[in-house]
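Containing mmCIF, C-alpha atoms and all ligand atoms: input-v6.cif.
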```
data_entry
loop_
_atom_site.group_PDB
_atom_site.id
_atom_site.type_symbol
_atom_site.label_atom_id
_atom_site.label_comp_id
_atom_site.auth_asym_id
_atom_site.auth_seq_id
_atom_site.Cartn_x
_atom_site.Cartn_y
_atom_site.Cartn_z
ATOM 1 C CA MET A 1 -27.610 16.220 4.576
ATOM 2 C CA GLU A 2 -25.651 14.508 7.265
ATOM 3 C CA ASN A 3 -28.323 12.410 9.088
ATOM 4 C CA GLU A 4 -29.771 10.967 5.966
ATOM 5 C CA PHE A 5 -26.310 10.467 4.510
ATOM 6 C CA VAL A 6 -25.138 8.523 7.565
ATOM 7 C CA CYS A 7 -28.216 6.301 7.257
ATOM 8 C CA TRP A 8 -27.362 5.696 3.638
ATOM 9 C CA VAL A 9 -23.752 4.819 4.438
ATOM 10 C CA ARG A 10 -24.933 2.453 7.204
ATOM 11 C CA SER A 11 -27.191 0.698 4.728
ATOM 12 C CA GLN A 12 -24.304 0.115 2.321
ATOM 13 C CA PHE A 13 -21.882 -1.719 4.585
ATOM 14 C CA ALA A 14 -22.078 -4.792 6.798
ATOM 15 C CA GLN A 15 -20.490 -4.599 10.226
ATOM 16 C CA ASN A 16 -18.540 -7.513 11.680
ATOM 17 C CA GLU A 17 -18.125 -9.239 15.044
ATOM 18 C CA SER A 18 -15.337 -6.871 16.098
ATOM 19 C CA VAL A 19 -17.605 -3.828 15.856
ATOM 20 C CA GLU A 20 -19.729 -3.534 18.977
ATOM 21 C CA ARG A 21 -21.085 -0.167 17.914
ATOM 22 C CA GLY A 22 -20.656 1.217 14.400
ATOM 23 C CA PRO A 23 -21.975 4.431 12.832
ATOM 24 C CA GLY A 24 -24.839 6.104 14.734
ATOM 25 C CA ASP A 25 -23.181 7.076 18.012
ATOM 26 C CA ASP A 26 -20.607 9.764 18.685
ATOM 27 C CA ALA A 27 -17.846 7.224 18.352
ATOM 28 C CA ALA A 28 -17.477 3.575 17.404
ATOM 29 C CA ILE A 29 -16.787 0.787 19.872
ATOM 30 C CA LEU A 30 -14.567 -2.055 18.719
ATOM 31 C CA ARG A 31 -14.160 -5.286 20.657
ATOM 32 C CA LEU A 32 -10.887 -6.820 19.506
ATOM 33 C CA SER A 33 -9.547 -10.129 20.747
ATOM 34 C CA GLY A 34 -6.970 -9.518 23.454
ATOM 35 C CA GLN A 35 -4.286 -11.857 22.203
ATOM 36 C CA GLN A 36 -3.078 -9.941 19.190
ATOM 37 C CA GLY A 37 -1.739 -6.483 18.531
ATOM 38 C CA THR A 38 -4.043 -3.821 17.176
ATOM 39 C CA VAL A 39 -2.590 -2.199 14.064
ATOM 40 C CA VAL A 40 -3.712 1.323 13.161
ATOM 41 C CA THR A 41 -2.833 3.232 10.011
ATOM 42 C CA THR A 42 -4.129 6.433 8.461
ATOM 43 C CA ASP A 43 -3.742 7.948 5.000
ATOM 44 C CA THR A 44 -4.972 11.146 3.399
ATOM 45 C CA LEU A 45 -5.533 11.434 -0.344
ATOM 46 C CA MET A 46 -6.132 14.721 -2.132
ATOM 47 C CA ASP A 47 -7.654 15.740 -5.449
ATOM 48 C CA GLY A 48 -4.886 17.055 -7.679
ATOM 49 C CA VAL A 49 -2.181 15.000 -5.960
ATOM 50 C CA ASP A 50 -3.386 11.419 -5.595
ATOM 51 C CA PHE A 51 -6.144 11.474 -8.230
ATOM 52 C CA LEU A 52 -7.972 13.901 -10.507
ATOM 53 C CA VAL A 53 -11.678 14.101 -9.695
ATOM 54 C CA ASP A 54 -12.650 15.546 -13.063
ATOM 55 C CA GLN A 55 -10.859 12.788 -14.991
ATOM 56 C CA VAL A 56 -11.472 9.653 -12.962
ATOM 57 C CA ASP A 57 -14.629 7.831 -11.932
ATOM 58 C CA ALA A 58 -15.393 8.316 -8.230
ATOM 59 C CA CYS A 59 -15.595 4.528 -7.735
ATOM 60 C CA ARG A 60 -11.930 4.146 -8.646
ATOM 61 C CA ILE A 61 -10.988 6.946 -6.258
ATOM 62 C CA GLY A 62 -12.925 5.283 -3.437
ATOM 63 C CA HIS A 63 -11.289 1.954 -4.191
ATOM 64 C CA LYS A 64 -7.851 3.543 -4.139
ATOM 65 C CA ALA A 65 -8.440 5.380 -0.872
ATOM 66 C CA LEU A 66 -9.391 2.205 0.977
ATOM 67 C CA ALA A 67 -6.803 0.062 -0.827
ATOM 68 C CA VAL A 68 -3.970 2.408 0.224
ATOM 69 C CA SER A 69 -4.854 1.905 3.893
ATOM 70 C CA LEU A 70 -5.324 -1.850 3.497
ATOM 71 C CA SER A 71 -1.907 -2.016 1.830
ATOM 72 C CA ASP A 72 -0.369 -0.608 5.017
ATOM 73 C CA LEU A 73 -2.140 -3.293 7.051
ATOM 74 C CA ALA A 74 -0.758 -5.855 4.586
ATOM 75 C CA ALA A 75 2.693 -4.333 5.068
ATOM 76 C CA MET A 76 2.435 -5.230 8.762
ATOM 77 C CA ALA A 77 0.947 -8.678 7.978
ATOM 78 C CA ALA A 78 -2.207 -7.624 9.836
ATOM 79 C CA ARG A 79 -5.722 -8.883 9.221
ATOM 80 C CA PRO A 80 -8.073 -5.971 8.387
ATOM 81 C CA VAL A 81 -10.926 -5.342 10.832
ATOM 82 C CA ALA A 82 -12.469 -1.908 10.339
ATOM 83 C CA ALA A 83 -12.005 1.396 8.549
ATOM 84 C CA PHE A 84 -13.031 4.966 9.354
ATOM 85 C CA VAL A 85 -13.736 7.198 6.389
ATOM 86 C CA SER A 86 -13.491 10.978 6.611
ATOM 87 C CA LEU A 87 -14.518 12.941 3.550
ATOM 88 C CA VAL A 88 -14.082 16.619 2.832
ATOM 89 C CA LEU A 89 -16.340 17.026 -0.192
ATOM 90 C CA PRO A 90 -16.525 19.881 -2.649
ATOM 91 C CA ARG A 91 -19.967 21.449 -2.059
ATOM 92 C CA ARG A 92 -21.012 21.210 -5.713
ATOM 93 C CA GLY A 93 -21.896 17.632 -6.592
ATOM 94 C CA GLY A 94 -20.611 16.424 -3.245
ATOM 95 C CA ARG A 95 -23.374 13.930 -2.493
ATOM 96 C CA GLN A 96 -23.073 12.185 -5.833
ATOM 97 C CA LEU A 97 -19.315 12.105 -5.468
ATOM 98 C CA ALA A 98 -19.592 10.606 -1.984
ATOM 99 C CA GLU A 99 -21.914 7.863 -3.203
ATOM 100 C CA GLY A 100 -19.432 7.008 -5.956
ATOM 101 C CA LEU A 101 -16.558 6.886 -3.469
ATOM 102 C CA TYR A 102 -18.425 4.521 -1.152
ATOM 103 C CA ALA A 103 -19.543 2.392 -4.098
ATOM 104 C CA GLY A 104 -15.865 1.958 -4.968
ATOM 105 C CA MET A 105 -14.950 0.984 -1.408
ATOM 106 C CA ALA A 106 -17.774 -1.557 -0.972
ATOM 107 C CA PRO A 107 -16.415 -4.518 -2.974
ATOM 108 C CA LEU A 108 -12.981 -4.140 -1.407
ATOM 109 C CA ALA A 109 -14.439 -3.893 2.099
ATOM 110 C CA GLU A 110 -16.480 -7.003 1.476
ATOM 111 C CA ARG A 111 -13.533 -8.941 0.053
ATOM 112 C CA TYR A 112 -11.458 -8.381 3.163
ATOM 113 C CA GLY A 113 -14.242 -8.356 5.770
ATOM 114 C CA VAL A 114 -13.607 -4.702 6.636
ATOM 115 C CA ALA A 115 -16.418 -2.894 8.456
ATOM 116 C CA ILE A 116 -16.824 0.794 7.686
ATOM 117 C CA ALA A 117 -17.297 1.530 11.382
ATOM 118 C CA GLY A 118 -17.471 5.307 11.290
ATOM 119 C CA GLY A 119 -16.041 8.511 9.936
ATOM 120 C CA ASP A 120 -16.883 12.113 9.260
ATOM 121 C CA THR A 121 -18.351 14.022 6.332
ATOM 122 C CA ASN A 122 -17.683 17.702 5.698
ATOM 123 C CA SER A 123 -18.034 19.959 2.681
ATOM 124 C CA TRP A 124 -16.324 23.122 1.543
ATOM 125 C CA ASP A 125 -15.520 25.142 -1.555
ATOM 126 C CA GLY A 126 -12.225 23.314 -1.943
ATOM 127 C CA PRO A 127 -11.135 20.056 -3.568
ATOM 128 C CA LEU A 128 -11.957 16.536 -2.390
ATOM 129 C CA VAL A 129 -9.867 15.232 0.512
ATOM 130 C CA ILE A 130 -10.240 11.666 1.805
ATOM 131 C CA THR A 131 -8.741 10.358 5.029
ATOM 132 C CA ILE A 132 -9.104 6.695 5.863
ATOM 133 C CA THR A 133 -7.993 5.164 9.131
ATOM 134 C CA ALA A 134 -7.799 1.385 9.018
ATOM 135 C CA ILE A 135 -7.665 -0.955 12.007
ATOM 136 C CA GLY A 136 -6.226 -4.454 11.810
ATOM 137 C CA GLN A 137 -4.917 -7.186 14.038
ATOM 138 C CA THR A 138 -1.681 -9.074 13.933
ATOM 139 C CA THR A 139 -1.888 -12.848 13.740
ATOM 140 C CA ALA A 140 -0.185 -15.602 15.754
ATOM 141 C CA ASP A 141 2.696 -15.243 13.271
ATOM 142 C CA GLY A 142 3.376 -11.758 14.634
ATOM 143 C CA PRO A 143 3.714 -8.417 12.879
ATOM 144 C CA LEU A 144 6.020 -7.798 9.961
ATOM 145 C CA LEU A 145 8.348 -4.897 10.735
ATOM 146 C CA ARG A 146 10.869 -2.930 8.702
ATOM 147 C CA SER A 147 13.444 -3.364 11.435
ATOM 148 C CA GLY A 148 13.747 -7.158 11.418
ATOM 149 C CA GLY A 149 16.194 -7.572 8.522
ATOM 150 C CA GLN A 150 19.401 -9.563 9.080
ATOM 151 C CA VAL A 151 22.669 -9.640 7.142
ATOM 152 C CA GLY A 152 22.474 -12.267 4.413
ATOM 153 C CA ASP A 153 18.672 -12.149 4.126
ATOM 154 C CA ALA A 154 17.299 -12.468 0.630
ATOM 155 C CA VAL A 155 15.211 -9.458 -0.458
ATOM 156 C CA LEU A 156 12.060 -10.548 -2.291
ATOM 157 C CA VAL A 157 9.252 -8.574 -3.895
ATOM 158 C CA THR A 158 5.772 -9.417 -5.143
ATOM 159 C CA GLY A 159 4.540 -8.435 -8.588
ATOM 160 C CA HIS A 160 6.016 -5.928 -11.026
ATOM 161 C CA PHE A 161 7.185 -2.334 -10.688
ATOM 162 C CA GLY A 162 6.946 0.983 -12.495
ATOM 163 C CA GLY A 163 4.463 2.931 -14.570
ATOM 164 C CA SER A 164 1.625 2.690 -12.049
ATOM 165 C CA ILE A 165 0.495 6.190 -13.066
ATOM 166 C CA LEU A 166 -0.947 4.664 -16.267
ATOM 167 C CA ASN A 167 -3.607 2.723 -14.279
ATOM 168 C CA LYS A 168 -2.384 0.574 -11.424
ATOM 169 C CA HIS A 169 -2.245 3.420 -8.892
ATOM 170 C CA LEU A 170 -6.050 3.517 -9.010
ATOM 171 C CA ASP A 171 -6.922 -0.121 -9.545
ATOM 172 C CA PHE A 172 -4.385 -2.090 -7.521
ATOM 173 C CA GLU A 173 -5.326 -4.912 -5.171
ATOM 174 C CA PRO A 174 -3.742 -4.498 -1.724
ATOM 175 C CA ARG A 175 -1.538 -7.511 -0.945
ATOM 176 C CA VAL A 176 -3.418 -8.422 2.226
ATOM 177 C CA ALA A 177 -3.943 -12.121 1.489
ATOM 178 C CA GLU A 178 -0.417 -12.436 0.118
ATOM 179 C CA ALA A 179 1.195 -10.905 3.199
ATOM 180 C CA LEU A 180 -0.796 -13.141 5.565
ATOM 181 C CA LEU A 181 0.055 -16.244 3.551
ATOM 182 C CA LEU A 182 3.773 -15.458 3.296
ATOM 183 C CA ASN A 183 3.960 -14.602 7.004
ATOM 184 C CA SER A 184 2.264 -17.852 7.990
ATOM 185 C CA ARG A 185 4.284 -20.177 5.765
ATOM 186 C CA TYR A 186 7.772 -18.691 5.800
ATOM 187 C CA ASP A 187 10.136 -17.316 8.409
ATOM 188 C CA LEU A 188 9.966 -13.678 7.310
ATOM 189 C CA HIS A 189 12.376 -11.302 9.053
ATOM 190 C CA ALA A 190 11.224 -7.902 7.743
ATOM 191 C CA GLY A 191 8.717 -6.436 5.349
ATOM 192 C CA MET A 192 6.820 -3.402 4.122
ATOM 193 C CA ASP A 193 4.673 -2.252 1.228
ATOM 194 C CA VAL A 194 5.999 -0.165 -1.642
ATOM 195 C CA SER A 195 3.965 3.023 -1.845
ATOM 196 C CA ASP A 196 6.500 5.730 -2.691
ATOM 197 C CA GLY A 197 8.987 3.893 -4.927
ATOM 198 C CA LEU A 198 10.881 0.595 -4.806
ATOM 199 C CA THR A 199 14.311 2.019 -3.981
ATOM 200 C CA LEU A 200 13.007 4.770 -1.667
ATOM 201 C CA ASP A 201 10.929 2.312 0.352
ATOM 202 C CA LEU A 202 13.656 -0.341 0.337
ATOM 203 C CA SER A 203 16.072 2.285 1.673
ATOM 204 C CA ARG A 204 13.605 2.910 4.533
ATOM 205 C CA LEU A 205 13.528 -0.802 5.385
ATOM 206 C CA CYS A 206 17.337 -0.824 5.285
ATOM 207 C CA GLN A 207 17.488 2.215 7.542
ATOM 208 C CA GLU A 208 15.199 0.632 10.137
ATOM 209 C CA SER A 209 17.197 -2.606 10.001
ATOM 210 C CA GLN A 210 20.464 -0.587 10.021
ATOM 211 C CA LEU A 211 21.640 -2.515 6.978
ATOM 212 C CA GLY A 212 22.022 -2.044 3.245
ATOM 213 C CA THR A 213 20.900 -3.967 0.157
ATOM 214 C CA LEU A 214 23.033 -5.306 -2.658
ATOM 215 C CA LEU A 215 20.580 -5.166 -5.561
ATOM 216 C CA ASN A 216 20.598 -7.373 -8.628
ATOM 217 C CA LEU A 217 19.330 -4.812 -11.141
ATOM 218 C CA GLU A 218 18.845 -7.457 -13.812
ATOM 219 C CA ALA A 219 16.352 -9.225 -11.591
ATOM 220 C CA ILE A 220 14.055 -6.245 -10.955
ATOM 221 C CA PRO A 221 10.579 -7.256 -12.213
ATOM 222 C CA ILE A 222 9.647 -4.413 -14.568
ATOM 223 C CA SER A 223 5.979 -3.946 -15.417
ATOM 224 C CA ASP A 224 4.720 -3.564 -18.973
ATOM 225 C CA ALA A 225 3.438 -0.142 -17.908
ATOM 226 C CA ALA A 226 6.995 0.962 -17.092
ATOM 227 C CA GLY A 227 7.981 0.105 -20.670
ATOM 228 C CA GLU A 228 4.926 1.889 -22.018
ATOM 229 C CA LEU A 229 5.686 5.009 -19.971
ATOM 230 C CA ALA A 230 9.295 5.034 -21.159
ATOM 231 C CA ARG A 231 8.064 4.827 -24.765
ATOM 232 C CA GLN A 232 5.648 7.722 -24.166
ATOM 233 C CA GLN A 233 8.426 9.898 -22.749
ATOM 234 C CA PRO A 234 11.514 9.020 -24.769
ATOM 235 C CA ASN A 235 14.889 10.389 -23.655
ATOM 236 C CA SER A 236 13.803 10.689 -20.054
ATOM 237 C CA LYS A 237 13.690 7.487 -18.019
ATOM 238 C CA THR A 238 14.293 3.851 -18.926
ATOM 239 C CA PRO A 239 11.783 1.168 -17.920
ATOM 240 C CA LEU A 240 14.236 0.149 -15.159
ATOM 241 C CA ASP A 241 14.349 3.754 -13.878
ATOM 242 C CA HIS A 242 10.556 3.699 -13.653
ATOM 243 C CA ALA A 243 10.594 0.356 -11.835
ATOM 244 C CA LEU A 244 13.159 1.604 -9.315
ATOM 245 C CA GLY A 245 11.619 5.002 -8.617
ATOM 246 C CA ASP A 246 7.952 5.289 -9.586
ATOM 247 C CA GLY A 247 5.499 5.454 -6.696
ATOM 248 C CA GLU A 248 2.285 3.599 -5.947
ATOM 249 C CA ASP A 249 3.076 0.037 -6.969
ATOM 250 C CA PHE A 250 1.644 -1.182 -3.639
ATOM 251 C CA GLU A 251 3.595 -4.423 -3.824
ATOM 252 C CA LEU A 252 5.397 -6.056 -0.882
ATOM 253 C CA ILE A 253 9.086 -6.233 0.011
ATOM 254 C CA VAL A 254 10.032 -9.044 2.394
ATOM 255 C CA THR A 255 13.391 -10.252 3.688
ATOM 256 C CA LEU A 256 14.056 -13.772 4.933
ATOM 257 C CA PRO A 257 16.927 -16.243 5.316
ATOM 258 C CA ALA A 258 18.332 -17.407 1.966
ATOM 259 C CA SER A 259 17.224 -21.017 2.554
ATOM 260 C CA GLU A 260 13.642 -19.897 3.265
ATOM 261 C CA ALA A 261 13.732 -17.678 0.193
ATOM 262 C CA LYS A 262 14.791 -20.635 -1.926
ATOM 263 C CA ARG A 263 11.809 -22.634 -0.676
ATOM 264 C CA LEU A 264 9.427 -19.700 -1.270
ATOM 265 C CA LEU A 265 10.732 -19.037 -4.776
ATOM 266 C CA ALA A 266 10.374 -22.723 -5.675
ATOM 267 C CA ASP A 267 6.818 -22.797 -4.240
ATOM 268 C CA GLN A 268 5.683 -19.524 -5.881
ATOM 269 C CA PRO A 269 2.625 -19.715 -3.599
ATOM 270 C CA LEU A 270 0.850 -16.464 -4.486
ATOM 271 C CA GLY A 271 -0.480 -16.630 -8.032
ATOM 272 C CA ILE A 272 1.528 -13.472 -8.689
ATOM 273 C CA PRO A 273 5.288 -13.748 -9.149
ATOM 274 C CA VAL A 274 7.667 -13.377 -6.229
ATOM 275 C CA THR A 275 11.177 -12.338 -7.261
ATOM 276 C CA ARG A 276 14.491 -12.120 -5.456
ATOM 277 C CA ILE A 277 15.985 -8.683 -6.153
ATOM 278 C CA GLY A 278 18.907 -8.610 -3.745
ATOM 279 C CA THR A 279 20.575 -9.438 -0.441
ATOM 280 C CA LEU A 280 20.827 -7.530 2.833
ATOM 281 C CA VAL A 281 24.421 -6.493 3.567
ATOM 282 C CA ALA A 282 26.098 -4.822 6.529
ATOM 283 C CA GLU A 283 27.097 -1.675 4.585
ATOM 284 C CA GLN A 284 24.184 0.761 4.830
ATOM 285 C CA GLY A 285 22.677 2.115 1.613
ATOM 286 C CA LEU A 286 21.673 0.598 -1.706
ATOM 287 C CA TRP A 287 24.286 -1.006 -3.925
ATOM 288 C CA ALA A 288 24.625 -2.777 -7.250
ATOM 289 C CA LEU A 289 27.565 -4.622 -8.768
ATOM 290 C CA ASN A 290 29.490 -3.077 -11.658
ATOM 291 C CA ALA A 291 30.718 -5.255 -14.507
ATOM 292 C CA ASP A 292 34.130 -5.279 -12.782
ATOM 293 C CA GLY A 293 32.567 -6.745 -9.638
ATOM 294 C CA LYS A 294 32.890 -3.541 -7.591
ATOM 295 C CA ARG A 295 29.937 -2.124 -5.669
ATOM 296 C CA LYS A 296 28.419 1.128 -6.859
ATOM 297 C CA PRO A 297 25.855 3.098 -4.862
ATOM 298 C CA ILE A 298 22.274 3.287 -6.150
ATOM 299 C CA ALA A 299 20.265 6.420 -5.351
ATOM 300 C CA ALA A 300 17.001 5.919 -3.448
ATOM 301 C CA ASP A 301 14.359 7.284 -5.815
ATOM 302 C CA GLY A 302 10.666 7.827 -5.213
ATOM 303 C CA TYR A 303 7.860 10.203 -4.402
ATOM 304 C CA GLN A 304 8.047 12.478 -1.362
ATOM 305 C CA HIS A 305 5.648 15.242 -0.369
ATOM 306 C CA GLU A 306 7.558 18.540 -0.347
ATOM 307 C CA ILE A 307 7.083 20.831 2.643
ATOM 308 C CA ASP A 308 8.391 24.387 2.564
ATOM 309 C CA PRO A 309 10.197 25.632 5.669
HETATM 310 MG MG MG A 401 3.489 1.676 3.877
#
```
Take the structure in the file and write it out as structure tokens.
Amino acid sequence: MENEFVCWVRSQFAQNESVERGPGDDAAILRLSGQQGTVVTTDTLMDGVDFLVDQVDACRIGHKALAVSLSDLAAMAARPVAAFVSLVLPRRGGRQLAEGLYAGMAPLAERYGVAIAGGDTNSWDGPLVITITAIGQTTADGPLLRSGGQVGDAVLVTGHFGGSILNKHLDFEPRVAEALLLNSRYDLHAGMDVSDGLTLDLSRLCQESQLGTLLNLEAIPISDAAGELARQQPNSKTPLDHALGDGEDFELIVTLPASEAKRLLADQPLGIPVTRIGTLVAEQGLWALNADGKRKPIAADGYQHEIDP
């Protein structure tokens, strides 16, 4: 099936000026402009962990797989260039599944000018596995790193958090345009995307910046889905718990000087809300203020893949 399948994939996607040679040779050739950094990220998604093939339309799975990688380019404030798609398909119904996956990627690839410049297709008697490697370029504004945070920076987030399992984890829009716009207009110090959970990912930014965050828990933007999930599972987690610890929101965290944050919050330039949720402090870890004004530690909560020793 492979020759004909590669032809079909080639017919579905436009290449762009950065792709000197796309699918059809043993490897792709990219011609990237020399001025900027090349940003490379790879993600693997698996049936049963990241989606359920027998319950979800293949288009949504394809969209998610590409969106996850584009979100990591957004996290670095990089402009997407190309993506490489490797599929391990279940033998039964594999071709139809593959076509659905690519159909889900196509609109997203077109929106962000991403060429599907190559990949690999295998099949086996196991579940669907998708690996996407995305290539981007930093802009004149430079990359956004986790390590750039400074004491006193305001910590801002895009969008709302929690309950993504109800839908958003499949249908989210990667914050590519938002990251590029924020990086060009404001003096951002640090940033990342939230894939595993707001507090877990924020703790990673803090770790790289060797700082902590004093959170304002009342300011956390909680999604309606977090409330819905809390209602569905009473006596377990509150909507705030979901917002702080659920994975796959794919929003952005950025830190910047308080004066810049004030300007950004007044502008609200994105069409989706940007909210200040805290301040970077010298004491490492995550903190919130008690009613008596004392700091209490907040646990970093989120999704982590378990690996047995
Ligand atoms: Mg990330």
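Shortest atom-to-atom contact with Thr133 (chain A) among A:Thr255, A:Ser71, A:Asn3, A:Gln210: A:Ser71, counting all atoms listed in the file.
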Inset, instruction - Quick one: residues within 7 Å of (-7.3, -11.3, 2.8) (file frame), counting all atoms listed in the file, please, as a list in words. - result: Tyr112, Val176 and Ala177 of chain A
Tell me, as an mmCIF file with C-alpha atoms, keeping the file's coordinate frame, which residues lie within 7 Å of Thr41 (chain A), counting all atoms listed in the file; anything in the same chain fewer than 3 positions away does not count.
```cif
data_model
loop_
_atom_site.group_PDB
_atom_site.id
_atom_site.type_symbol
_atom_site.label_atom_id
_atom_site.label_comp_id
_atom_site.auth_asym_id
_atom_site.auth_seq_id
_atom_site.Cartn_x
_atom_site.Cartn_y
_atom_site.Cartn_z
ATOM 1 C CA SER A 69 -4.854 1.905 3.893
ATOM 2 C CA ASP A 72 -0.369 -0.608 5.017
ATOM 3 C CA THR A 133 -7.993 5.164 9.131
ATOM 4 C CA ALA A 134 -7.799 1.385 9.018
ATOM 5 C CA ILE A 135 -7.665 -0.955 12.007
#
```
Inset, instruction - May I ask for the distance between CA of Val88 (chain A) and CA of Asn16 (chain A), given in Å to one decimal place? - result: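 These two atoms are separated by 26.1 Å.
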Legend entry - From A:Ile277, A:Ile165, A:Ala243, A:Val81, residue lying nearest Asp301 (chain A) [all atoms listed in the file]: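 Between A:Ile277, A:Ile165, A:Ala243, A:Val81, the residue approaching Asp301 (chain A) most closely is A:Ala243.
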Please check which residues have atoms at most 10 Å from (6.6, -0.7, 1.0) in the file's coordinates, counting all atoms listed in the file, and write them as a PDB file with C-alpha atoms, in the frame of the given file.
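Output below, filename point-v4.pdb:
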```pdb
ATOM      1  CA  SER A  71      -1.907  -2.016   1.830  1.00  0.00           C
ATOM      2  CA  ASP A  72      -0.369  -0.608   5.017  1.00  0.00           C
ATOM      3  CA  ALA A  74      -0.758  -5.855   4.586  1.00  0.00           C
ATOM      4  CA  ALA A  75       2.693  -4.333   5.068  1.00  0.00           C
ATOM      5  CA  MET A  76       2.435  -5.230   8.762  1.00  0.00           C
ATOM      6  CA  ARG A 146      10.869  -2.930   8.702  1.00  0.00           C
ATOM      7  CA  VAL A 157       9.252  -8.574  -3.895  1.00  0.00           C
ATOM      8  CA  GLY A 191       8.717  -6.436   5.349  1.00  0.00           C
ATOM      9  CA  MET A 192       6.820  -3.402   4.122  1.00  0.00           C
ATOM     10  CA  ASP A 193       4.673  -2.252   1.228  1.00  0.00           C
ATOM     11  CA  VAL A 194       5.999  -0.165  -1.642  1.00  0.00           C
ATOM     12  CA  SER A 195       3.965   3.023  -1.845  1.00  0.00           C
ATOM     13  CA  ASP A 196       6.500   5.730  -2.691  1.00  0.00           C
ATOM     14  CA  GLY A 197       8.987   3.893  -4.927  1.00  0.00           C
ATOM     15  CA  LEU A 198      10.881   0.595  -4.806  1.00  0.00           C
ATOM     16  CA  THR A 199      14.311   2.019  -3.981  1.00  0.00           C
ATOM     17  CA  LEU A 200      13.007   4.770  -1.667  1.00  0.00           C
ATOM     18  CA  ASP A 201      10.929   2.312   0.352  1.00  0.00           C
ATOM     19  CA  LEU A 202      13.656  -0.341   0.337  1.00  0.00           C
ATOM     20  CA  SER A 203      16.072   2.285   1.673  1.00  0.00           C
ATOM     21  CA  ARG A 204      13.605   2.910   4.533  1.00  0.00           C
ATOM     22  CA  LEU A 205      13.528  -0.802   5.385  1.00  0.00           C
ATOM     23  CA  GLY A 247       5.499   5.454  -6.696  1.00  0.00           C
ATOM     24  CA  GLU A 248       2.285   3.599  -5.947  1.00  0.00           C
ATOM     25  CA  ASP A 249       3.076   0.037  -6.969  1.00  0.00           C
ATOM     26  CA  PHE A 250       1.644  -1.182  -3.639  1.00  0.00           C
ATOM     27  CA  GLU A 251       3.595  -4.423  -3.824  1.00  0.00           C
ATOM     28  CA  LEU A 252       5.397  -6.056  -0.882  1.00  0.00           C
ATOM     29  CA  ILE A 253       9.086  -6.233   0.011  1.00  0.00           C
ATOM     30  CA  VAL A 254      10.032  -9.044   2.394  1.00  0.00           C
TER      31      VAL A 254
END
```
Inset, instruction - Step by step, work through what the PyMOL selection byres (((chain A and resi 117-123) around 8) and not hetatm) selects in the shown file, and finish by giving those residues as a PyMOL selection string. - result: chain A and resi 2+15+19+21-23+27-28+82-91+94+115-116+124-125
Legend entry - Closest of A:His305, A:Lys237, A:Arg185, A:His242 to Glu260 (chain A) - atom-to-atom distances counting only C-alpha atoms: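 Closest candidate: A:Arg185.
Considering only C-alpha atoms and all ligand atoms, the residue among A:Gly162, A:Pro174, A:Gly37, A:Gly104 positioned nearest to ligand MG 401 (chain A) is A:Pro174.
Taking CA of Gln36 (chain A) as the reference point, CA of Gly136 (chain A) is found at 9.7 Å.
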Inset, instruction - Pick out the residues sitting within 12 Å of Lys262 (chain A), and hand them over as a list in words; count all atoms listed in the file, and ignore anything fewer than 3 positions along from it in its own chain. - result: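 Returned residues: Asp153, Ala154, Val155, Leu156, Tyr186, Asp187, Thr255, Leu256, Pro257, Ala258, Ser259, Leu265, Ala266, Asp267, Gln268, Val274, Thr275 and Arg276 of chain A.
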Legend entry - Selected residue of minimal separation from ligand MG 401 (chain A) among A:Leu70, A:Lys294, A:Phe51, A:Val6, counting only C-alpha atoms and all ligand atoms: A:Leu70
Inset, instruction - Tell me, as a list in words, which residues lie within 8 Å of Gln207 (chain A), counting only C-alpha atoms; anything in the same chain fewer than 4 positions away does not count. - result: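 The contact residues come out as Ser147, Ser203, Leu211, Gly212, Gln284 and Gly285 of chain A.
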Please, could you write that set of residues out with C-alpha atoms as a compact mmCIF listing (two decimals), in the coordinates of the input?
```txt
# COMPACT_ATOMS: atom_id res chain seq x y z
CA SER A 147 13.44 -3.36 11.44
CA SER A 203 16.07 2.28 1.67
CA LEU A 211 21.64 -2.52 6.98
CA GLY A 212 22.02 -2.04 3.24
CA GLN A 284 24.18 0.76 4.83
CA GLY A 285 22.68 2.12 1.61
```
Inset, instruction - Would you please work out which residue, of A:Val56, A:Ala77, A:Val49, A:Leu30, is nearest to ligand MG 401 (chain A) when using all atoms listed in the file? - result: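 Once distances to ligand MG 401 (chain A) are computed over all atoms listed in the file, the minimum belongs to A:Ala77.
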Inset, instruction - To one decimal in Å, tell me the separation between CA of Leu144 (chain A) and CA of Gly62 (chain A). - result: 26.6 Å
Inset, instruction - Show which residues sit within 12 Å of Pro239 (chain A), as a list in words. Count all atoms listed in the file, and ignore same-chain residues fewer than 3 positions away. - result: His160, Phe161, Gly162, Gly163, Ser164, Leu217, Glu218, Ile220, Pro221, Ile222, Ser223, Asp224, Ala225, Ala226, Gly227, Glu228, Leu229, Ala230, Arg231, Gln232, Gln233, Pro234, Asn235, Ser236, His242, Ala243, Leu244, Gly245 and Asp246 of chain A
Inset, instruction - Evaluate the PyMOL selection byres (((chain A and resi 131) around 6) and not hetatm) here and jot the selected residues down as a list in words. - result: Asp43, Thr44, Ser86, Ile130 and Ile132 of chain A
Selection export as a JSON list (two decimals), keeping the file's coordinate frame, atoms kept: C-alpha atoms:
```
[["chain", "number", "residue", "atom", "x", "y", "z"],
["A", 43, "ASP", "CA", -3.74, 7.95, 5.00],
["A", 44, "THR", "CA", -4.97, 11.15, 3.40],
["A", 86, "SER", "CA", -13.49, 10.98, 6.61],
["A", 130, "ILE", "CA", -10.24, 11.67, 1.80],
["A", 132, "ILE", "CA", -9.10, 6.70, 5.86]]
```
Inset, instruction - Starting from the displayed file, determine the output of the PyMOL selection byres (((chain A and resi 54) around 12) and not hetatm) and express the residue list as a PyMOL selection string. - result: chain A and resi 47-48+51-53+55-58+61+90+93+97+127-128
